[in-house]
Amino acid sequence: MSITDLDLVPGRTCGECTACCSVMAIDKPDIQKAAGVTCRYCDNGCTIYETRPHICRSFHCGWRQLPILDDAWRPDRSGVFVEIEETDGETDFNLILIGNPLKTVRQDWFIDFVRTGVGGRVQLYLSIPGPLGFKGAEVLLTTRQMFEAANTSRAAVKELLEKELKRLKAHDFEPRVFQYRGHDFGASDHSES
């Protein structure tokens, strides 16, 4: 499956969710915004919706694209922002924990999703955002150890997810340096170097 093969789930709209307006760092010529900083044009939705930049028009989180994610997976409800990326012709799914990470990795619905994905050899990553001004951290979940756990029990997957979350939290976060300047869409008091 290629990212270009994915369509939006019919009838599924963002609603009140504005997670993409704050979760992601954007470093493009026409827009720069730090991760974890809400876009200055986000106020109960996009205040410049009709004239928003191309990147905002073309981006859709995994919840909007994957029918297997039910309504409970909407990022503002689940605490999981699913980002779909294509790397070397492979489609990767990054599960970014934006709510309470420990609570999320202990939820049956999350564990079952990981078990199914890893069992199906889907490239799954688990991520947490970095502190303001820093890159986030991610670990690959599609490993031999996780595959064995997925074929053992929900408890085995939960234990491994908790272990991976500890690794993520102990990560030596790298500062984020922006290549572009001049179109900062984030709050002016939260700029990154």
# chains A, B, ... in the order shown; residues from 1 in each chain; ligands from 1
>>> residues_around(residues="Leu124 in chain A", least_positions_apart="4", cutoff="9 Å", atoms="only C-alpha atoms", output="list in words")
Asp92, Phe93, Asn94, Leu95, Val114, Gly117, Val118, Val139, Leu140, Leu141 and Thr142 of chain A
>>> closest_atom_pairs(of="range 44-87 of chain A", to="range 21-26 of chain A", cutoff="9 Å", atoms="only C-alpha atoms", output="JSON lines")
{"residue": "A:Gly45", "atom": "CA", "partner": "A:Cys21", "partner_atom": "CA", "distance": 8.8}
{"residue": "A:Cys46", "atom": "CA", "partner": "A:Cys21", "partner_atom": "CA", "distance": 8.5}
{"residue": "A:Ile55", "atom": "CA", "partner": "A:Ile26", "partner_atom": "CA", "distance": 8.8}
{"residue": "A:Cys56", "atom": "CA", "partner": "A:Cys21", "partner_atom": "CA", "distance": 8.7}
{"residue": "A:Phe81", "atom": "CA", "partner": "A:Val23", "partner_atom": "CA", "distance": 8.0}
>>> residues_around(residues="Thr47 in chain A", least_positions_apart="6", cutoff="12 Å", atoms="only C-alpha atoms", output="compact mmCIF listing (two decimals) with C-alpha atoms, in the first residue's frame")
# COMPACT_ATOMS: atom_id res chain seq x y z
CA THR A 18 -7.27 20.60 15.79
CA CYS A 21 -2.51 22.51 14.23
CA CYS A 39 -0.78 27.67 15.01
CA ARG A 40 -1.61 31.32 15.55
CA TYR A 41 -4.55 30.91 13.13
>>> residues_around(residues="Pro67 in chain A", least_positions_apart="5", cutoff="10 Å", atoms="only C-alpha atoms", output="list of chain:residue names")
A:Asp7, A:Leu8, A:Val9, A:Pro10, A:Arg12, A:Gly62
>>> select_by_dssp(residues="range 3-149 of chain A", states="helix (DSSP H, G or I)", output="PyMOL selection string")
chain A and resi 3-5+19-21+49-51+54-58+62-65+71-73+75-78+101-105+108-119+144-149
>>> write_last_selection(atoms="C-alpha atoms", output="mmCIF file, in the first residue's frame")
data_model
loop_
_atom_site.group_PDB
_atom_site.id
_atom_site.type_symbol
_atom_site.label_atom_id
_atom_site.label_comp_id
_atom_site.auth_asym_id
_atom_site.auth_seq_id
_atom_site.Cartn_x
_atom_site.Cartn_y
_atom_site.Cartn_z
ATOM 1 C CA ILE A 3 0.392 6.693 0.842
ATOM 2 C CA THR A 4 -0.863 7.957 -2.515
ATOM 3 C CA ASP A 5 -3.359 5.070 -2.583
ATOM 4 C CA ALA A 19 -4.418 18.292 16.841
ATOM 5 C CA CYS A 20 -2.542 18.762 13.564
ATOM 6 C CA CYS A 21 -2.510 22.510 14.226
ATOM 7 C CA TYR A 49 -9.304 28.076 6.273
ATOM 8 C CA GLU A 50 -10.069 29.404 2.769
ATOM 9 C CA THR A 51 -6.526 30.786 2.317
ATOM 10 C CA HIS A 54 -0.869 24.256 0.694
ATOM 11 C CA ILE A 55 0.696 21.970 3.297
ATOM 12 C CA CYS A 56 -2.351 22.472 5.520
ATOM 13 C CA ARG A 57 -4.701 21.815 2.599
ATOM 14 C CA SER A 58 -2.978 18.598 1.594
ATOM 15 C CA GLY A 62 -4.159 8.751 9.682
ATOM 16 C CA TRP A 63 -7.532 8.872 11.386
ATOM 17 C CA ARG A 64 -8.968 10.697 8.365
ATOM 18 C CA GLN A 65 -7.451 8.147 5.965
ATOM 19 C CA ASP A 71 -14.304 7.404 15.750
ATOM 20 C CA ALA A 72 -12.651 6.806 19.133
ATOM 21 C CA TRP A 73 -9.268 7.129 17.376
ATOM 22 C CA PRO A 75 -6.637 12.377 17.900
ATOM 23 C CA ASP A 76 -8.336 14.700 20.375
ATOM 24 C CA ARG A 77 -10.313 11.749 21.763
ATOM 25 C CA SER A 78 -7.688 9.000 21.744
ATOM 26 C CA PRO A 101 1.298 8.145 27.024
ATOM 27 C CA LEU A 102 1.349 5.547 29.807
ATOM 28 C CA LYS A 103 -2.438 5.406 30.010
ATOM 29 C CA THR A 104 -2.657 5.046 26.221
ATOM 30 C CA VAL A 105 -0.185 2.156 25.864
ATOM 31 C CA ASP A 108 -6.760 -2.718 25.173
ATOM 32 C CA TRP A 109 -7.771 -0.959 21.939
ATOM 33 C CA PHE A 110 -4.232 0.411 21.507
ATOM 34 C CA ILE A 111 -2.555 -2.890 22.373
ATOM 35 C CA ASP A 112 -4.857 -4.745 19.948
ATOM 36 C CA PHE A 113 -4.026 -2.292 17.159
ATOM 37 C CA VAL A 114 -0.298 -2.827 17.736
ATOM 38 C CA ARG A 115 -0.757 -6.614 17.867
ATOM 39 C CA THR A 116 -2.662 -6.600 14.591
ATOM 40 C CA GLY A 117 -0.235 -4.247 12.865
ATOM 41 C CA VAL A 118 2.918 -6.016 14.013
ATOM 42 C CA GLY A 119 1.358 -9.402 13.261
ATOM 43 C CA ARG A 144 11.094 -9.658 16.220
ATOM 44 C CA GLN A 145 10.572 -9.209 19.964
ATOM 45 C CA MET A 146 7.255 -7.377 19.480
ATOM 46 C CA PHE A 147 6.158 -9.920 16.858
ATOM 47 C CA GLU A 148 6.744 -12.724 19.379
ATOM 48 C CA ALA A 149 4.866 -10.780 22.064
#
>>> atom_distance(atom1="CA of Asp30 in chain A", atom2="CA of Val82 in chain A")
24.0 Å
>>> atom_distance(atom1="CA of Lys163 in chain A", atom2="CA of Leu132 in chain A")
23.9 Å
>>> select_by_dssp(residues="range 1-192 of chain A", states="strand (DSSP E or B)", output="PyMOL selection string")
chain A and resi 26-28+31-33+42+46+80-87+90-97+123-128+134+137-140+175+184
>>> write_last_selection(atoms="C-alpha atoms", output="JSON list (two decimals), in the first residue's frame")
[["chain", "number", "residue", "atom", "x", "y", "z"],
["A", 26, "ILE", "CA", 6.45, 22.46, 9.99],
["A", 27, "ASP", "CA", 9.54, 23.79, 8.24],
["A", 28, "LYS", "CA", 8.51, 24.80, 4.73],
["A", 31, "ILE", "CA", 5.12, 28.19, 6.89],
["A", 32, "GLN", "CA", 7.22, 27.47, 9.94],
["A", 33, "LYS", "CA", 5.76, 26.26, 13.22],
["A", 42, "CYS", "CA", -6.15, 28.09, 15.13],
["A", 46, "CYS", "CA", -8.75, 27.46, 11.28],
["A", 80, "VAL", "CA", -2.91, 9.27, 19.52],
["A", 81, "PHE", "CA", -1.99, 11.26, 16.42],
["A", 82, "VAL", "CA", -1.46, 8.79, 13.58],
["A", 83, "GLU", "CA", 0.93, 10.10, 10.95],
["A", 84, "ILE", "CA", 1.33, 8.21, 7.70],
["A", 85, "GLU", "CA", 4.68, 8.55, 5.95],
["A", 86, "GLU", "CA", 6.16, 6.95, 2.88],
["A", 87, "THR", "CA", 9.81, 5.89, 3.14],
["A", 90, "GLU", "CA", 7.01, 1.59, 2.15],
["A", 91, "THR", "CA", 4.14, 3.07, 4.11],
["A", 92, "ASP", "CA", 4.98, 3.69, 7.76],
["A", 93, "PHE", "CA", 2.50, 4.42, 10.53],
["A", 94, "ASN", "CA", 3.75, 6.61, 13.35],
["A", 95, "LEU", "CA", 1.64, 6.45, 16.51],
["A", 96, "ILE", "CA", 2.44, 9.75, 18.22],
["A", 97, "LEU", "CA", 1.27, 9.78, 21.83],
["A", 123, "GLN", "CA", 5.81, -0.74, 9.78],
["A", 124, "LEU", "CA", 4.64, 0.76, 13.08],
["A", 125, "TYR", "CA", 6.51, 3.37, 15.09],
["A", 126, "LEU", "CA", 5.74, 4.65, 18.57],
["A", 127, "SER", "CA", 6.59, 8.31, 19.22],
["A", 128, "ILE", "CA", 6.38, 11.01, 21.81],
["A", 134, "PHE", "CA", 13.33, 19.83, 20.43],
["A", 137, "ALA", "CA", 11.60, 10.52, 19.76],
["A", 138, "GLU", "CA", 10.44, 7.35, 18.05],
["A", 139, "VAL", "CA", 11.05, 3.62, 18.22],
["A", 140, "LEU", "CA", 10.20, 0.92, 15.72],
["A", 175, "PRO", "CA", 17.24, 20.60, 19.36],
["A", 184, "ASP", "CA", 6.30, 31.69, 11.65]]
>>> atom_distance(atom1="CA of Glu174 in chain A", atom2="CA of Gly136 in chain A")
8.0 Å
>>> closest_residue(among="A:Gly15, A:Gly120, A:Gly133, A:Pro53", to="Val37 in chain A", atoms="only C-alpha atoms")
A:Gly133
